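Participant: Below is the file work-v9.cif, with mmCIF, C-alpha atoms.
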data_upload
loop_
_atom_site.label_atom_id
_atom_site.label_comp_id
_atom_site.auth_asym_id
_atom_site.auth_seq_id
_atom_site.Cartn_x
_atom_site.Cartn_y
_atom_site.Cartn_z
CA MET A 10 -79.14 -15.57 8.83
CA ALA A 11 -76.25 -16.41 6.54
CA ARG A 12 -77.14 -18.02 3.22
CA ILE A 13 -74.29 -20.52 3.50
CA PRO A 14 -72.79 -22.09 6.62
CA TYR A 15 -69.59 -20.67 8.00
CA VAL A 16 -66.47 -22.77 7.70
CA ASP A 17 -65.90 -24.61 10.96
CA PRO A 18 -62.27 -24.10 11.96
CA GLU A 19 -62.24 -27.51 13.63
CA THR A 20 -63.15 -29.40 10.46
CA ALA A 21 -61.66 -27.10 7.83
CA PRO A 22 -58.85 -28.26 5.56
CA GLU A 23 -55.45 -27.83 7.22
CA ALA A 24 -54.39 -24.70 5.28
CA VAL A 25 -57.69 -22.98 6.06
CA ARG A 26 -57.56 -24.07 9.71
CA GLU A 27 -54.02 -22.67 10.03
CA THR A 28 -55.01 -19.39 8.38
CA LEU A 29 -58.08 -18.98 10.62
CA ALA A 30 -55.98 -19.77 13.70
CA GLN A 31 -53.64 -16.88 12.83
CA SER A 32 -56.48 -14.36 12.69
CA PRO A 33 -56.65 -12.01 15.69
CA VAL A 34 -60.46 -12.17 15.51
CA LEU A 35 -62.53 -14.97 14.00
CA LEU A 36 -64.99 -12.83 12.06
CA ASN A 37 -67.88 -14.27 10.07
CA ILE A 38 -66.50 -12.68 6.89
CA PHE A 39 -63.33 -14.77 7.33
CA LYS A 40 -65.32 -17.96 7.97
CA THR A 41 -67.33 -17.21 4.81
CA VAL A 42 -64.47 -16.41 2.44
CA ALA A 43 -62.64 -19.48 3.78
CA HIS A 44 -64.98 -21.56 1.56
CA ALA A 45 -62.90 -20.30 -1.37
CA GLU A 46 -59.84 -22.19 -0.16
CA THR A 47 -57.46 -21.15 -2.93
CA ASN A 48 -58.48 -17.51 -2.70
CA PHE A 49 -58.74 -17.19 1.08
CA ARG A 50 -55.10 -16.63 2.05
CA PRO A 51 -54.34 -14.27 -0.90
CA TRP A 52 -57.57 -12.35 -0.14
CA LEU A 53 -56.49 -11.91 3.49
CA ARG A 54 -53.00 -10.80 2.40
CA LEU A 55 -54.47 -8.20 0.05
CA GLY A 56 -56.78 -6.92 2.79
CA ALA A 57 -53.86 -6.79 5.25
CA SER A 58 -51.71 -4.85 2.79
CA ILE A 59 -54.53 -2.35 2.25
CA LEU A 60 -55.12 -1.90 5.97
CA GLY A 61 -51.53 -1.92 7.11
CA ARG A 62 -49.03 -1.16 4.40
CA GLN A 63 -50.34 1.49 2.04
CA SER A 64 -48.73 4.90 1.69
CA LEU A 65 -52.21 6.39 1.43
CA SER A 66 -53.31 8.01 4.68
CA SER A 67 -55.23 5.53 6.84
CA LYS A 68 -57.79 8.24 7.61
CA LEU A 69 -58.47 8.85 3.93
CA ARG A 70 -58.67 5.09 3.32
CA GLU A 71 -61.23 4.71 6.11
CA LEU A 72 -63.30 7.63 4.84
CA ALA A 73 -63.41 5.87 1.46
CA ILE A 74 -64.34 2.52 3.06
CA LEU A 75 -67.18 4.08 5.05
CA ARG A 76 -68.39 5.83 1.90
CA ILE A 77 -68.37 2.50 0.06
CA ALA A 78 -70.26 0.82 2.90
CA GLN A 79 -72.91 3.55 2.77
CA ILE A 80 -73.25 3.52 -1.03
CA GLU A 81 -73.33 -0.28 -1.20
CA LYS A 82 -75.74 -0.55 1.76
CA ALA A 83 -73.28 -2.84 3.54
CA PRO A 84 -73.88 -2.70 7.31
CA TYR A 85 -71.32 -5.43 8.04
CA GLU A 86 -68.55 -3.30 6.53
CA TRP A 87 -69.86 -0.17 8.23
CA THR A 88 -70.01 -1.85 11.65
CA GLN A 89 -66.45 -3.15 11.44
CA HIS A 90 -64.91 0.03 10.03
CA VAL A 91 -66.43 2.77 12.19
CA PRO A 92 -64.10 1.93 15.13
CA ILE A 93 -61.12 1.70 12.79
CA ALA A 94 -62.07 5.01 11.19
CA LYS A 95 -62.31 6.71 14.59
CA HIS A 96 -58.89 5.32 15.49
CA THR A 97 -57.42 6.93 12.35
CA GLY A 98 -58.88 10.34 13.18
CA VAL A 99 -62.22 10.30 11.35
CA THR A 100 -64.53 12.48 13.44
CA ASP A 101 -68.00 11.71 14.72
CA ALA A 102 -69.31 14.54 12.53
CA GLN A 103 -67.73 12.93 9.46
CA ILE A 104 -69.16 9.52 10.35
CA GLU A 105 -72.59 11.04 10.85
CA ALA A 106 -72.38 12.88 7.52
CA LEU A 107 -71.35 9.72 5.67
CA GLU A 108 -74.10 7.75 7.40
CA GLN A 109 -76.58 10.32 6.06
CA GLY A 110 -75.16 9.91 2.57
CA LEU A 111 -73.19 13.16 2.52
CA ALA A 112 -69.71 13.15 1.00
CA SER A 113 -69.01 16.86 1.26
CA GLY A 114 -69.65 19.66 3.70
CA GLU A 115 -67.99 21.64 6.48
CA CYS A 116 -66.77 18.54 8.30
CA PHE A 117 -64.62 17.47 5.34
CA ASP A 118 -61.56 19.38 4.17
CA GLU A 119 -60.71 19.87 0.50
CA VAL A 120 -58.57 16.74 0.19
CA GLU A 121 -61.11 14.54 2.00
CA THR A 122 -63.84 15.83 -0.29
CA ILE A 123 -61.75 14.99 -3.36
CA VAL A 124 -61.11 11.46 -2.05
CA LEU A 125 -64.81 10.96 -1.38
CA ARG A 126 -65.76 12.29 -4.83
CA PHE A 127 -63.16 10.01 -6.41
CA THR A 128 -64.60 7.07 -4.43
CA ASP A 129 -68.14 7.91 -5.54
CA GLU A 130 -67.14 8.08 -9.19
CA VAL A 131 -65.15 4.84 -9.12
CA VAL A 132 -68.02 3.02 -7.36
CA ASP A 133 -70.75 4.49 -9.55
CA ASN A 134 -69.00 4.81 -12.93
CA VAL A 135 -66.08 2.37 -12.74
CA LYS A 136 -63.69 5.28 -13.30
CA ALA A 137 -63.21 8.82 -12.09
CA SER A 138 -63.85 11.74 -14.39
CA ASP A 139 -60.92 13.65 -15.84
CA THR A 140 -61.71 16.58 -13.56
CA THR A 141 -61.74 14.47 -10.41
CA PHE A 142 -58.63 12.57 -11.46
CA ALA A 143 -56.79 15.84 -12.07
CA ALA A 144 -57.78 17.02 -8.58
CA MET A 145 -56.48 13.75 -7.11
CA ALA A 146 -53.21 14.07 -9.05
CA LYS A 147 -52.61 17.50 -7.46
CA HIS A 148 -52.63 15.99 -3.97
CA PHE A 149 -51.53 12.38 -4.34
CA SER A 150 -48.70 10.38 -5.84
CA PRO A 151 -49.41 7.75 -8.50
CA GLN A 152 -48.79 5.12 -5.79
CA GLU A 153 -51.45 6.61 -3.50
CA ILE A 154 -53.97 6.86 -6.34
CA VAL A 155 -53.47 3.21 -7.30
CA GLU A 156 -53.69 2.22 -3.62
CA LEU A 157 -57.01 4.04 -3.29
CA VAL A 158 -58.40 2.33 -6.39
CA LEU A 159 -57.32 -1.05 -4.97
CA ALA A 160 -58.91 -0.25 -1.59
CA ILE A 161 -62.15 0.80 -3.29
CA GLY A 162 -62.28 -2.38 -5.34
CA PHE A 163 -61.43 -4.60 -2.39
CA TYR A 164 -64.12 -3.13 -0.15
CA MET A 165 -66.68 -3.21 -2.96
CA THR A 166 -65.93 -6.95 -3.10
CA VAL A 167 -66.26 -7.29 0.67
CA ALA A 168 -69.65 -5.55 0.49
CA ARG A 169 -70.81 -7.93 -2.23
CA VAL A 170 -69.71 -10.99 -0.26
CA THR A 171 -71.33 -9.86 2.98
CA GLU A 172 -74.56 -8.74 1.35
CA THR A 173 -74.99 -11.51 -1.23
CA LEU A 174 -74.25 -14.23 1.30
CA ALA A 175 -76.09 -12.45 4.17
CA VAL A 176 -73.09 -12.71 6.47
CA ASP A 177 -74.23 -12.17 10.05
CA ILE A 178 -72.87 -8.94 11.50
CA ASP A 179 -70.25 -9.59 14.16
CA ALA A 180 -69.80 -7.26 17.10
CA PRO A 181 -67.27 -4.61 16.10
CA ALA A 182 -63.75 -6.02 16.35
CA GLY A 183 -62.41 -2.54 16.98
CA THR A 184 -58.83 -2.18 15.85
CA ALA A 185 -57.83 -5.82 16.56
CA VAL A 186 -57.27 -6.68 12.90
CA VAL A 187 -55.36 -3.48 12.16
CA ASP A 188 -53.34 -3.77 15.38
CA SER A 189 -52.27 -7.29 14.42
CA LEU A 190 -50.68 -5.89 11.25
CA GLU A 191 -48.27 -3.59 13.09
#
So, in terms of structure tokens, how does the structure I just supplied come out?
Facilitator:
Amino acid sequence: MARIPYVDPETAPEAVRETLAQSPVLLNIFKTVAHAETNFRPWLRLGASILGRQSLSSKLRELAILRIAQIEKAPYEWTQHVPIAKHTGVTDAQIEALEQGLASGECFDEVETIVLRFTDEVVDNVKASDTTFAAMAKHFSPQEIVELVLAIGFYMTVARVTETLAVDIDAPAGTAVVDSLE
């Protein structure tokens, strides 16, 4: 059970009500973050830009998000992103490996393994090691590296919101949120 009540779209301030009405799915995470009225719309815009406008491969982004969800013990994030990850080409074997805490192995290619190692280091140590950063720089542009760091930070925040506030896990929304960004 959630630690705070969800914002009721019917009684929410007008700006929040309008923002919630534009959402393709009324997820509990949205109704929770809506309490932070001045942050809500910018938070949604940042999330939308990460999900729909980055140059970084959507598959690599989703591998990183699932890795974050596993590291952070964030089942809400995991539940919502498995269908999105599958849609981007993440395989069942990769999802199973990540669920078991594995970030390398035969199911991941070299670039995927580097992205997952980079994600681990940023989550665990705030920054990636020089060795891991150099490996990233061989495969990714500065733009893609910054985008990955932003995605990691955003989804670490989402995990902290959902876990700290005990946000009830919604049924998977599938690709509805991502599809609405196209």
Participant: Tell me, as a CSV table (one decimal) with C-alpha atoms, in the frame of the given file, which residues lie within 12 Å of Glu46 of chain A, counting only C-alpha atoms; anything in the same chain fewer than 5 positions away does not count.
Facilitator:
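Wrote part04.csv, looks like this:
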chain,number,residue,atom,x,y,z
A,16,VAL,CA,-66.5,-22.8,7.7
A,21,ALA,CA,-61.7,-27.1,7.8
A,22,PRO,CA,-58.8,-28.3,5.6
A,23,GLU,CA,-55.4,-27.8,7.2
A,24,ALA,CA,-54.4,-24.7,5.3
A,25,VAL,CA,-57.7,-23.0,6.1
A,26,ARG,CA,-57.6,-24.1,9.7
A,27,GLU,CA,-54.0,-22.7,10.0
A,28,THR,CA,-55.0,-19.4,8.4
A,29,LEU,CA,-58.1,-19.0,10.6
A,39,PHE,CA,-63.3,-14.8,7.3
A,40,LYS,CA,-65.3,-18.0,8.0
A,41,THR,CA,-67.3,-17.2,4.8
A,51,PRO,CA,-54.3,-14.3,-0.9
A,52,TRP,CA,-57.6,-12.4,-0.1
A,53,LEU,CA,-56.5,-11.9,3.5
Participant: Distance atom CA of Glu81 of chain A-atom CA of Met10 of chain A, one decimal place?
Facilitator: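 We find that atom CA of Glu81 of chain A and atom CA of Met10 of chain A lie 19.2 Å from each other.
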Participant: Could you check the closest approach to Glu86 of chain A for each of A:Asp133, A:Asp188, A:Glu156, A:Asp177 and tell me which residue wins, using only C-alpha atoms?
Facilitator: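 Nearest to Glu86 of chain A: A:Asp177.
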Participant: Please enumerate the residues selected by the PyMOL selection byres ((chain A and resi 130) around 12) when evaluated against the supplied file, formatted as a VMD selection string.
Facilitator: chain A and resid 73 76 to 77 80 112 123 to 129 131 to 142 158 161
Participant: Measuring between only C-alpha atoms, which one of A:Glu119, A:Ala180, A:Leu159, A:Leu36 shows the shortest distance to Lys147 of chain A?
Facilitator: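 Looking only at the distances to Lys147 of chain A, the closest residue turns out to be A:Glu119.
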Participant: Any chance you could work out the residue set of the PyMOL selection byres ((chain A and resi 183) around 7) here, as a PyMOL selection string?
Facilitator: chain A and resi 89+92-93+181-182+184-185
Participant: Determine the nearest neighbour of Gly61 of chain A from the options A:Ala94, A:His44, A:Val187, A:Ala11, counting all atoms listed in the file.
Facilitator: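 So, comparing all the options, the nearest one is A:Val187.
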Participant: One number please: atom CA of Leu75 of chain A to atom CA of Ile178 of chain A, in Å, one decimal.
Facilitator: 15.6 Å
Participant: Can you tell me how far atom CA of Ile13 of chain A sits from atom CA of Gln79 of chain A, in Å to one decimal?
Facilitator: 24.1 Å
Participant: For Ala144 of chain A, which of A:Ala160, A:Val42, A:Leu190, A:Val120 is the closest residue, counting only C-alpha atoms?
Facilitator: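 Among the listed residues, the smallest separation from Ala144 of chain A belongs to A:Val120.
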Participant: From the options A:Ala106, A:Leu72, A:Ala43, A:Leu111, which residue's atoms come nearest to Thr20 of chain A, counting all atoms listed in the file?
Facilitator: A:Ala43
